[in-house]
Amino acid sequence: MRFPTIARSLALIVLTVGLAAAPRGAAARGLGAPGKFPSLSPHLKDAVDLGRAPTSERHRVVVSLDVRDREGLEAFLADVQDPSSPRYRQFLSQADFDALYAPTPAQEEAVVDHLRGAGLRVTERFPNRLLVGAVGSVAALERAFGVEMHSVQRAGKRHYAAVDEPSLPAEMASYVVGVVGLDDLSERHPHVGSVEPAAAPRAALGSNCCHLSPNDVFAFYDNTAAASGAGETIVIAGAYAWHDTDNTGFNSQWGLPQLPAGSAQVCTGPSTSAGCKFSSQDSIEIALDVEYAHGTAPAARVLNYMSASTSNADFTTMYNRIVTDNPGHVVSTSWGACEVALSAASQQTDDNIFANANAIGQSWFAASGDSGSRDCSNILGVDNPANSPHMIGVGGTRPACSSGLTSASPACGGYGSESAWSGSGGGVSQVFARPAFQSGCGVPAGTRRLVPDVALEADTSPGNYVAENGSWWIVGGTSDAAPQWAGLAAELAQQSGGPLGNPGALLYGLCGTAALHDVTSGSNGDYSAGVGYDLVTGLGSFDARNLLAAGPTSTTTTSTTTITTTTSTTSTTRTAQPSTTSTTSMPSTTTVPSTTTTTAVPATTTTTAVATTTTAPVTTTTTTSTSSTTTTLAACFPFGSSCSTNADCCSRSCKRKGPGKFCK
Ligand SMILES: [Ca+2]
């Protein structure tokens, strides 16, 4: 939005004041060094200064600590996806990651001490030490970071914002990425392209014909259910709760099993947070996500990790909870914000979290946005976090069934063709460098990260049936596409007998094969789809049967040790290789594919509210909306929680300290 001249000149005053005065009073408090990346909101230049913020206002921030040995971490992430490397698929435990690549305990302790010294309350600490969450008054924030907090107005709304780049004690500047949450000028949005009410599907197909159900996309993308995600967990990273009755109604309508036991909703903030509640307007996103992730991989558990709010600080906290809880191998997010609206510090912080995720074997998928090549107020740009090099960005297509999807024959007959969806987010990142896996397949020359990596059906026409708040809706957007790719990844992980990590190298290596449908027509505005990789649909969409056939399989390789020891021993290691390549001459036997067990259980889920401070015990609130059995989330207690066995602490251990035992 453009502002009148007077507003723009006031906006300039904000910037001028900020630059001239920073860091105001900071030197006196031993501050003076900025973080490694700018934390100020890019939107500050469009905002009108309303003067100093009331000192009693309280805000939540996240201080981000950088990974150690970034080069070593990136080399590991390349090796762990390279079938010729001895580190292939040897993902790290979180404890290994912490020891090798996390900020040091002393660094984290110094940040905590600094925040407390300024009068802030530290609310979150994490095993990977990448974030320290804190809350406090404007006065305390100004003391901690040497900034002035102002009230500002942008696009007709009142906001708050630091008008100076935050400063830190000099010794911290070398390892602090920056501060997230010193303004509320941008927030996360769902990538639901369009929502239209629909009459109950099939019951009134006449005027309502014809939209896609999970069965239709199952047929379209050749999903045979040979692997249906059994034993896997798909995590939805977003905000707002689902209604169990929407899930049960949706699954009954389409003949799907109900969500498997262990499916649950996890609030990553205080249990009273708005982002952890059902919202008749905003829960459409989670409804779409859970229904189509489940539709793609019906035997996989689904967890809804809910951010306390749509703020960047709360989303960052939620992302890191998914990594440090590590409740599943596959994560999908359909929430984003335009790259040009987010600070570099915020984006680097989240990217570090996603790098940790990839290192422990998690595969993350993000919707690439619904505004085509102009993601932000008609400005050429891409969407975050789909732009992260440790994320698979998922764009959108318009599908055409080979037959059916008519009133007379409502079922989709199978794959006909696809063209690019005009809303599919895509383009060139101005923030991130290109990941090594993004090569070949006609990827244009250059050094910047390109978006998206892949695509799937997303056009609002024909659109997908979604049940939410007791009603049926027709929904489109790249939000359709990301959870279905996550479902496919759950099937791949099940087949491979272990986590995939970032599947970028695998997918780009499959360019030109029957595993992927190359999309060659259509445009998202500034870019057109074409042969090979393009900035609208990436590598294209999947053929599930063929991609599973080309993907890693679970193999048991028996290798004789060559080191002479006192006794001749054999060691059995479990490795997996893409079935299309032969990289070893060692004898191998392929284990039987996992038996798919589809268990229909009552779809009641458990809402687990985990206390946000790492020193507080876990509070579990069980909410049952039906009288049927309640499933229970295998709780993953945070660092410092009381525990009885190691299993309580997931990747951590339960150790005695004083009179009790705690997760360490
Ligand atoms: Ca293409």
# chains A, B, ... in the order shown; residues from 1 in each chain; ligands from 1
$ residues_near_ligand --ligand "ligand 1" --cutoff "7 Å" --atoms "only C-alpha atoms and all ligand atoms" --output "mmCIF file with N, CA and C atoms, in the first residue's frame"
data_model
loop_
_atom_site.group_PDB
_atom_site.id
_atom_site.type_symbol
_atom_site.label_atom_id
_atom_site.label_comp_id
_atom_site.auth_asym_id
_atom_site.auth_seq_id
_atom_site.Cartn_x
_atom_site.Cartn_y
_atom_site.Cartn_z
ATOM 1 N N ASP A 518 6.344 -33.745 -15.291
ATOM 2 C CA ASP A 518 6.848 -32.424 -15.662
ATOM 3 C C ASP A 518 5.666 -31.584 -16.163
ATOM 4 N N VAL A 519 5.501 -30.408 -15.575
ATOM 5 C CA VAL A 519 4.430 -29.509 -16.005
ATOM 6 C C VAL A 519 5.052 -28.496 -16.968
ATOM 7 N N THR A 520 4.492 -28.344 -18.140
ATOM 8 C CA THR A 520 5.157 -27.561 -19.181
ATOM 9 C C THR A 520 4.324 -26.387 -19.692
ATOM 10 N N ALA A 529 5.749 -22.013 -16.873
ATOM 11 C CA ALA A 529 6.181 -23.406 -16.785
ATOM 12 C C ALA A 529 6.772 -23.811 -18.130
ATOM 13 N N GLY A 530 7.694 -24.758 -18.088
ATOM 14 C CA GLY A 530 8.311 -25.235 -19.317
ATOM 15 C C GLY A 530 8.925 -26.597 -19.077
ATOM 16 N N VAL A 531 9.616 -27.094 -20.085
ATOM 17 C CA VAL A 531 10.236 -28.412 -19.964
ATOM 18 C C VAL A 531 11.293 -28.389 -18.863
ATOM 19 N N GLY A 532 11.260 -29.375 -17.995
ATOM 20 C CA GLY A 532 12.207 -29.441 -16.883
ATOM 21 C C GLY A 532 11.806 -28.512 -15.755
ATOM 22 N N TYR A 533 12.799 -28.166 -14.922
ATOM 23 C CA TYR A 533 12.521 -27.299 -13.775
ATOM 24 C C TYR A 533 11.992 -25.940 -14.236
ATOM 25 N N ASP A 534 10.998 -25.434 -13.532
ATOM 26 C CA ASP A 534 10.547 -24.063 -13.791
ATOM 27 C C ASP A 534 10.126 -23.398 -12.493
ATOM 28 N N THR A 537 6.261 -24.492 -11.108
ATOM 29 C CA THR A 537 5.922 -25.825 -10.584
ATOM 30 C C THR A 537 7.152 -26.630 -10.173
ATOM 31 N N GLY A 538 8.338 -26.023 -10.183
ATOM 32 C CA GLY A 538 9.551 -26.759 -9.808
ATOM 33 C C GLY A 538 9.753 -27.964 -10.708
ATOM 34 N N LEU A 539 9.964 -29.114 -10.093
ATOM 35 C CA LEU A 539 10.169 -30.359 -10.835
ATOM 36 C C LEU A 539 8.854 -30.944 -11.322
ATOM 37 N N GLY A 540 7.738 -30.431 -10.805
ATOM 38 C CA GLY A 540 6.426 -30.944 -11.180
ATOM 39 C C GLY A 540 5.790 -31.735 -10.051
#
$ select_by_dssp --residues "segment 275-401 of chain A" --states "strand (DSSP E)" --output "PyMOL selection string"
chain A and resi 301-306+330-333+335-338+363-367+383-384+392-401
$ write_last_selection --atoms "N, CA and C atoms" --output "PDB file, in the first residue's frame"
ATOM      1  N   ARG A 301      -0.111 -41.390  11.511  1.00  0.00           N
ATOM      2  CA  ARG A 301      -0.625 -40.499  12.558  1.00  0.00           C
ATOM      3  C   ARG A 301      -0.466 -39.050  12.089  1.00  0.00           C
ATOM      4  N   VAL A 302      -1.333 -38.192  12.561  1.00  0.00           N
ATOM      5  CA  VAL A 302      -1.203 -36.764  12.254  1.00  0.00           C
ATOM      6  C   VAL A 302      -1.186 -35.983  13.563  1.00  0.00           C
ATOM      7  N   LEU A 303      -0.188 -35.134  13.707  1.00  0.00           N
ATOM      8  CA  LEU A 303      -0.094 -34.254  14.876  1.00  0.00           C
ATOM      9  C   LEU A 303      -0.252 -32.814  14.410  1.00  0.00           C
ATOM     10  N   ASN A 304      -1.086 -32.069  15.091  1.00  0.00           N
ATOM     11  CA  ASN A 304      -1.266 -30.652  14.803  1.00  0.00           C
ATOM     12  C   ASN A 304      -0.476 -29.841  15.820  1.00  0.00           C
ATOM     13  N   TYR A 305       0.699 -29.355  15.422  1.00  0.00           N
ATOM     14  CA  TYR A 305       1.500 -28.485  16.301  1.00  0.00           C
ATOM     15  C   TYR A 305       1.049 -27.049  16.089  1.00  0.00           C
ATOM     16  N   MET A 306       0.480 -26.479  17.137  1.00  0.00           N
ATOM     17  CA  MET A 306      -0.150 -25.163  17.017  1.00  0.00           C
ATOM     18  C   MET A 306       0.712 -24.076  17.645  1.00  0.00           C
ATOM     19  N   VAL A 330       8.079 -36.356   9.190  1.00  0.00           N
ATOM     20  CA  VAL A 330       7.606 -35.520   8.089  1.00  0.00           C
ATOM     21  C   VAL A 330       6.810 -34.345   8.639  1.00  0.00           C
ATOM     22  N   VAL A 331       7.073 -33.166   8.119  1.00  0.00           N
ATOM     23  CA  VAL A 331       6.405 -31.953   8.603  1.00  0.00           C
ATOM     24  C   VAL A 331       5.891 -31.165   7.402  1.00  0.00           C
ATOM     25  N   SER A 332       4.693 -30.643   7.527  1.00  0.00           N
ATOM     26  CA  SER A 332       4.122 -29.803   6.470  1.00  0.00           C
ATOM     27  C   SER A 332       3.646 -28.499   7.073  1.00  0.00           C
ATOM     28  N   THR A 333       3.946 -27.402   6.391  1.00  0.00           N
ATOM     29  CA  THR A 333       3.379 -26.129   6.835  1.00  0.00           C
ATOM     30  C   THR A 333       2.760 -25.394   5.661  1.00  0.00           C
ATOM     31  N   TRP A 335       1.531 -22.263   6.187  1.00  0.00           N
ATOM     32  CA  TRP A 335       1.533 -20.867   6.638  1.00  0.00           C
ATOM     33  C   TRP A 335       2.832 -20.202   6.186  1.00  0.00           C
ATOM     34  N   GLY A 336       2.746 -18.944   5.820  1.00  0.00           N
ATOM     35  CA  GLY A 336       3.957 -18.261   5.400  1.00  0.00           C
ATOM     36  C   GLY A 336       3.803 -16.761   5.451  1.00  0.00           C
ATOM     37  N   ALA A 337       4.854 -16.098   5.027  1.00  0.00           N
ATOM     38  CA  ALA A 337       4.847 -14.641   4.914  1.00  0.00           C
ATOM     39  C   ALA A 337       5.788 -14.292   3.773  1.00  0.00           C
ATOM     40  N   CYS A 338       5.574 -13.137   3.142  1.00  0.00           N
ATOM     41  CA  CYS A 338       6.423 -12.850   1.998  1.00  0.00           C
ATOM     42  C   CYS A 338       7.850 -12.524   2.459  1.00  0.00           C
ATOM     43  N   SER A 363      11.839 -34.350   7.257  1.00  0.00           N
ATOM     44  CA  SER A 363      11.589 -33.781   5.924  1.00  0.00           C
ATOM     45  C   SER A 363      10.503 -32.731   6.074  1.00  0.00           C
ATOM     46  N   TRP A 364      10.799 -31.491   5.680  1.00  0.00           N
ATOM     47  CA  TRP A 364       9.827 -30.402   5.823  1.00  0.00           C
ATOM     48  C   TRP A 364       9.354 -29.937   4.443  1.00  0.00           C
ATOM     49  N   PHE A 365       8.039 -29.690   4.347  1.00  0.00           N
ATOM     50  CA  PHE A 365       7.414 -29.187   3.122  1.00  0.00           C
ATOM     51  C   PHE A 365       6.654 -27.907   3.446  1.00  0.00           C
ATOM     52  N   ALA A 366       6.775 -26.901   2.582  1.00  0.00           N
ATOM     53  CA  ALA A 366       6.066 -25.637   2.808  1.00  0.00           C
ATOM     54  C   ALA A 366       5.341 -25.197   1.543  1.00  0.00           C
ATOM     55  N   ALA A 367       4.100 -24.788   1.708  1.00  0.00           N
ATOM     56  CA  ALA A 367       3.343 -24.199   0.601  1.00  0.00           C
ATOM     57  C   ALA A 367       4.077 -22.953   0.105  1.00  0.00           C
ATOM     58  N   ASP A 383       7.987 -16.617  -1.122  1.00  0.00           N
ATOM     59  CA  ASP A 383       7.381 -16.740   0.199  1.00  0.00           C
ATOM     60  C   ASP A 383       8.312 -17.495   1.142  1.00  0.00           C
ATOM     61  N   ASN A 384       8.233 -17.130   2.407  1.00  0.00           N
ATOM     62  CA  ASN A 384       8.974 -17.805   3.457  1.00  0.00           C
ATOM     63  C   ASN A 384       7.961 -18.605   4.283  1.00  0.00           C
ATOM     64  N   ILE A 392      11.451 -28.134   1.465  1.00  0.00           N
ATOM     65  CA  ILE A 392      10.976 -28.387   0.109  1.00  0.00           C
ATOM     66  C   ILE A 392       9.789 -27.466  -0.137  1.00  0.00           C
ATOM     67  N   GLY A 393       9.945 -26.519  -1.059  1.00  0.00           N
ATOM     68  CA  GLY A 393       8.875 -25.591  -1.398  1.00  0.00           C
ATOM     69  C   GLY A 393       7.914 -26.255  -2.380  1.00  0.00           C
ATOM     70  N   VAL A 394       6.608 -26.133  -2.082  1.00  0.00           N
ATOM     71  CA  VAL A 394       5.600 -26.837  -2.872  1.00  0.00           C
ATOM     72  C   VAL A 394       4.668 -25.833  -3.550  1.00  0.00           C
ATOM     73  N   GLY A 395       4.705 -25.825  -4.871  1.00  0.00           N
ATOM     74  CA  GLY A 395       3.844 -24.954  -5.661  1.00  0.00           C
ATOM     75  C   GLY A 395       2.565 -25.661  -6.075  1.00  0.00           C
ATOM     76  N   GLY A 396       1.826 -25.031  -7.002  1.00  0.00           N
ATOM     77  CA  GLY A 396       0.501 -25.548  -7.343  1.00  0.00           C
ATOM     78  C   GLY A 396       0.284 -25.757  -8.831  1.00  0.00           C
ATOM     79  N   THR A 397      -0.621 -26.699  -9.133  1.00  0.00           N
ATOM     80  CA  THR A 397      -0.995 -26.970 -10.518  1.00  0.00           C
ATOM     81  C   THR A 397      -2.520 -26.959 -10.646  1.00  0.00           C
ATOM     82  N   ARG A 398      -2.972 -27.012 -11.902  1.00  0.00           N
ATOM     83  CA  ARG A 398      -4.384 -27.228 -12.205  1.00  0.00           C
ATOM     84  C   ARG A 398      -4.495 -28.609 -12.841  1.00  0.00           C
ATOM     85  N   PRO A 399      -5.193 -29.525 -12.192  1.00  0.00           N
ATOM     86  CA  PRO A 399      -5.254 -30.895 -12.699  1.00  0.00           C
ATOM     87  C   PRO A 399      -6.445 -31.101 -13.641  1.00  0.00           C
ATOM     88  N   ALA A 400      -6.273 -31.994 -14.595  1.00  0.00           N
ATOM     89  CA  ALA A 400      -7.379 -32.407 -15.463  1.00  0.00           C
ATOM     90  C   ALA A 400      -7.414 -33.935 -15.478  1.00  0.00           C
ATOM     91  N   CYS A 401      -8.518 -34.493 -15.013  1.00  0.00           N
ATOM     92  CA  CYS A 401      -8.635 -35.949 -14.945  1.00  0.00           C
ATOM     93  C   CYS A 401      -8.776 -36.530 -16.354  1.00  0.00           C
TER      94      CYS A 401
END
$ atom_distance --atom1 "atom CA of Gly238 of chain A" --atom2 "atom CA of Phe354 of chain A"
14.9 Å
$ atom_distance --atom1 "atom CA of Asp46 of chain A" --atom2 "atom CA of Gly426 of chain A"
24.7 Å
$ decode --residues "segment 283-323 of chain A" --atoms "C-alpha atoms" --output "mmCIF file, in the first residue's frame"
data_model
loop_
_atom_site.group_PDB
_atom_site.id
_atom_site.type_symbol
_atom_site.label_atom_id
_atom_site.label_comp_id
_atom_site.auth_asym_id
_atom_site.auth_seq_id
_atom_site.Cartn_x
_atom_site.Cartn_y
_atom_site.Cartn_z
ATOM 1 C CA SER A 283 -9.328 -23.488 11.349
ATOM 2 C CA ILE A 284 -10.110 -24.039 7.669
ATOM 3 C CA GLU A 285 -6.338 -24.321 7.129
ATOM 4 C CA ILE A 286 -5.781 -27.157 9.618
ATOM 5 C CA ALA A 287 -8.950 -28.853 8.367
ATOM 6 C CA LEU A 288 -7.555 -28.865 4.841
ATOM 7 C CA ASP A 289 -4.102 -29.932 6.034
ATOM 8 C CA VAL A 290 -5.169 -32.834 8.232
ATOM 9 C CA GLU A 291 -7.829 -34.089 5.834
ATOM 10 C CA TYR A 292 -5.537 -34.217 2.797
ATOM 11 C CA ALA A 293 -2.386 -35.392 4.599
ATOM 12 C CA HIS A 294 -4.546 -38.197 5.966
ATOM 13 C CA GLY A 295 -6.183 -38.727 2.582
ATOM 14 C CA THR A 296 -2.760 -39.278 1.005
ATOM 15 C CA ALA A 297 -1.311 -41.497 3.745
ATOM 16 C CA PRO A 298 -4.339 -42.857 5.637
ATOM 17 C CA ALA A 299 -2.351 -45.007 8.070
ATOM 18 C CA ALA A 300 -0.005 -42.241 9.257
ATOM 19 C CA ARG A 301 -0.625 -40.499 12.558
ATOM 20 C CA VAL A 302 -1.203 -36.764 12.254
ATOM 21 C CA LEU A 303 -0.094 -34.254 14.876
ATOM 22 C CA ASN A 304 -1.266 -30.652 14.803
ATOM 23 C CA TYR A 305 1.500 -28.485 16.301
ATOM 24 C CA MET A 306 -0.150 -25.163 17.017
ATOM 25 C CA SER A 307 1.657 -21.856 17.384
ATOM 26 C CA ALA A 308 0.382 -19.706 20.255
ATOM 27 C CA SER A 309 -0.393 -16.963 17.736
ATOM 28 C CA THR A 310 0.373 -15.953 14.162
ATOM 29 C CA SER A 311 3.378 -13.873 15.276
ATOM 30 C CA ASN A 312 6.799 -14.697 13.872
ATOM 31 C CA ALA A 313 8.232 -15.255 17.359
ATOM 32 C CA ASP A 314 5.536 -17.794 18.216
ATOM 33 C CA PHE A 315 5.916 -19.583 14.865
ATOM 34 C CA THR A 316 9.681 -19.780 15.367
ATOM 35 C CA THR A 317 9.098 -21.283 18.813
ATOM 36 C CA MET A 318 6.634 -23.799 17.355
ATOM 37 C CA TYR A 319 9.094 -24.812 14.587
ATOM 38 C CA ASN A 320 11.797 -25.484 17.147
ATOM 39 C CA ARG A 321 9.451 -27.492 19.353
ATOM 40 C CA ILE A 322 8.783 -29.793 16.397
ATOM 41 C CA VAL A 323 12.522 -30.313 15.986
#
